[in-house]
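A quick write-up on the structure given underneath.
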Amino acid sequence: VLAGEPPAVADAPELYDDGFDRLIDPLPDAARRALRLRFVDDLDYDGVGAALGCSAVAARQRVSSAVRTLRRQVHA
């Protein structure tokens, strides 16, 4: 990757393995949805909030909470 160029993004779902889905599968549906919107769909927190019907601040909190839960599961 050259400096100043955005990273390449695979826009074809068939290019993704199911590792992310397996990782987030134990989470509640709302947490899985927030994580997918943020990290798979690559939405900013305004976009995540719009998709979830909440504010950007609430979206950030939902994503953060889901990430903390994943970290606890991985380190357990």
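By order of appearance in the structure tokens: chains A, B, ..., then residues from 1 within every chain, and ligands from 1 in the order shown.
All residues of protein, DNA or RNA that reach within 12 Å of Asp21 of chain A, judged by only C-alpha atoms and not counting those fewer than 3 positions away in the chain, are Tyr16, Asp17, Asp18, Ile24, Asp25, Pro26, Leu27, Asp29, Ala31, Arg32, Arg33, Leu35, Arg36, Phe39 and Val40 of chain A.
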Identify all residues of segment 19-74 of chain A in helix (DSSP H, G or I) (DSSP on the backbone) and supply them as a short mmCIF file (atom, residue, chain, number, x, y, z; two decimals) with N, CA and C atoms, in the first residue's frame.
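Output saved as result-v3.cif:
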```
data_model
loop_
_atom_site.label_atom_id
_atom_site.label_comp_id
_atom_site.auth_asym_id
_atom_site.auth_seq_id
_atom_site.Cartn_x
_atom_site.Cartn_y
_atom_site.Cartn_z
N GLY A 19 -14.94 -16.52 9.80
CA GLY A 19 -14.30 -16.36 11.10
C GLY A 19 -14.93 -15.27 11.95
N PHE A 20 -15.24 -14.15 11.33
CA PHE A 20 -15.87 -13.05 12.07
C PHE A 20 -17.23 -13.47 12.58
N ASP A 21 -18.01 -14.14 11.74
CA ASP A 21 -19.34 -14.59 12.17
C ASP A 21 -19.24 -15.60 13.31
N ARG A 22 -18.27 -16.49 13.24
CA ARG A 22 -18.09 -17.45 14.33
C ARG A 22 -17.70 -16.75 15.62
N LEU A 23 -16.86 -15.73 15.50
CA LEU A 23 -16.41 -14.98 16.67
C LEU A 23 -17.57 -14.27 17.35
N ILE A 24 -18.44 -13.64 16.57
CA ILE A 24 -19.51 -12.84 17.17
C ILE A 24 -20.79 -13.63 17.39
N ASP A 29 -28.13 -10.57 19.36
CA ASP A 29 -28.36 -10.08 18.01
C ASP A 29 -28.01 -8.60 17.85
N ALA A 30 -28.40 -7.78 18.81
CA ALA A 30 -28.14 -6.34 18.71
C ALA A 30 -26.64 -6.05 18.68
N ALA A 31 -25.87 -6.78 19.47
CA ALA A 31 -24.42 -6.58 19.48
C ALA A 31 -23.80 -7.05 18.16
N ARG A 32 -24.25 -8.20 17.66
CA ARG A 32 -23.75 -8.68 16.37
C ARG A 32 -24.04 -7.69 15.26
N ARG A 33 -25.24 -7.14 15.27
CA ARG A 33 -25.62 -6.19 14.23
C ARG A 33 -24.76 -4.93 14.29
N ALA A 34 -24.54 -4.41 15.48
CA ALA A 34 -23.70 -3.22 15.64
C ALA A 34 -22.28 -3.47 15.14
N LEU A 35 -21.72 -4.61 15.48
CA LEU A 35 -20.36 -4.93 15.04
C LEU A 35 -20.29 -5.10 13.53
N ARG A 36 -21.27 -5.77 12.94
CA ARG A 36 -21.27 -5.92 11.48
C ARG A 36 -21.37 -4.58 10.77
N LEU A 37 -22.26 -3.72 11.26
CA LEU A 37 -22.40 -2.41 10.63
C LEU A 37 -21.10 -1.62 10.70
N ARG A 38 -20.42 -1.71 11.84
CA ARG A 38 -19.20 -0.93 12.03
C ARG A 38 -18.00 -1.52 11.30
N PHE A 39 -17.78 -2.83 11.43
CA PHE A 39 -16.54 -3.42 10.94
C PHE A 39 -16.66 -4.16 9.62
N VAL A 40 -17.83 -4.62 9.25
CA VAL A 40 -18.00 -5.28 7.95
C VAL A 40 -18.52 -4.28 6.93
N TYR A 45 -19.92 5.97 13.04
CA TYR A 45 -20.90 5.85 14.12
C TYR A 45 -22.22 6.55 13.80
N ASP A 46 -22.17 7.59 12.99
CA ASP A 46 -23.42 8.21 12.54
C ASP A 46 -24.23 7.22 11.72
N GLY A 47 -23.55 6.51 10.82
CA GLY A 47 -24.22 5.51 9.98
C GLY A 47 -24.74 4.34 10.78
N VAL A 48 -23.94 3.88 11.73
CA VAL A 48 -24.38 2.77 12.59
C VAL A 48 -25.61 3.20 13.38
N GLY A 49 -25.55 4.41 13.94
CA GLY A 49 -26.68 4.92 14.70
C GLY A 49 -27.93 5.03 13.85
N ALA A 50 -27.78 5.52 12.62
CA ALA A 50 -28.94 5.64 11.73
C ALA A 50 -29.53 4.27 11.44
N ALA A 51 -28.68 3.29 11.20
CA ALA A 51 -29.17 1.94 10.90
C ALA A 51 -29.83 1.28 12.10
N LEU A 52 -29.34 1.62 13.30
CA LEU A 52 -29.89 1.02 14.52
C LEU A 52 -31.01 1.85 15.14
N ALA A 56 -25.38 8.61 17.37
CA ALA A 56 -24.01 8.16 17.13
C ALA A 56 -23.32 7.80 18.45
N VAL A 57 -23.61 8.54 19.50
CA VAL A 57 -23.03 8.25 20.82
C VAL A 57 -23.48 6.88 21.31
N ALA A 58 -24.77 6.60 21.18
CA ALA A 58 -25.30 5.29 21.59
C ALA A 58 -24.71 4.17 20.72
N ALA A 59 -24.54 4.44 19.43
CA ALA A 59 -23.95 3.45 18.54
C ALA A 59 -22.52 3.14 18.96
N ARG A 60 -21.76 4.17 19.29
CA ARG A 60 -20.38 3.98 19.75
C ARG A 60 -20.37 3.14 21.03
N GLN A 61 -21.30 3.41 21.93
CA GLN A 61 -21.37 2.65 23.18
C GLN A 61 -21.73 1.19 22.91
N ARG A 62 -22.63 0.95 21.99
CA ARG A 62 -23.02 -0.43 21.67
C ARG A 62 -21.86 -1.21 21.07
N VAL A 63 -21.15 -0.58 20.15
CA VAL A 63 -20.00 -1.24 19.54
C VAL A 63 -18.92 -1.49 20.59
N SER A 64 -18.64 -0.49 21.40
CA SER A 64 -17.62 -0.62 22.44
C SER A 64 -17.96 -1.73 23.43
N SER A 65 -19.21 -1.79 23.82
CA SER A 65 -19.64 -2.83 24.75
C SER A 65 -19.49 -4.21 24.13
N ALA A 66 -19.85 -4.35 22.87
CA ALA A 66 -19.72 -5.64 22.19
C ALA A 66 -18.25 -6.05 22.07
N VAL A 67 -17.38 -5.10 21.78
CA VAL A 67 -15.95 -5.39 21.68
C VAL A 67 -15.40 -5.82 23.04
N ARG A 68 -15.82 -5.14 24.10
CA ARG A 68 -15.38 -5.54 25.46
C ARG A 68 -15.83 -6.96 25.78
N THR A 69 -17.04 -7.29 25.41
CA THR A 69 -17.55 -8.64 25.64
C THR A 69 -16.71 -9.67 24.88
N LEU A 70 -16.38 -9.36 23.64
CA LEU A 70 -15.54 -10.27 22.85
C LEU A 70 -14.17 -10.44 23.49
N ARG A 71 -13.60 -9.36 23.97
CA ARG A 71 -12.28 -9.46 24.60
C ARG A 71 -12.34 -10.35 25.83
N ARG A 72 -13.40 -10.21 26.62
CA ARG A 72 -13.55 -11.07 27.81
C ARG A 72 -13.67 -12.54 27.39
N GLN A 73 -14.39 -12.81 26.34
CA GLN A 73 -14.57 -14.19 25.87
C GLN A 73 -13.26 -14.77 25.37
N VAL A 74 -12.49 -13.97 24.66
CA VAL A 74 -11.22 -14.44 24.10
C VAL A 74 -10.20 -14.71 25.21
#
```
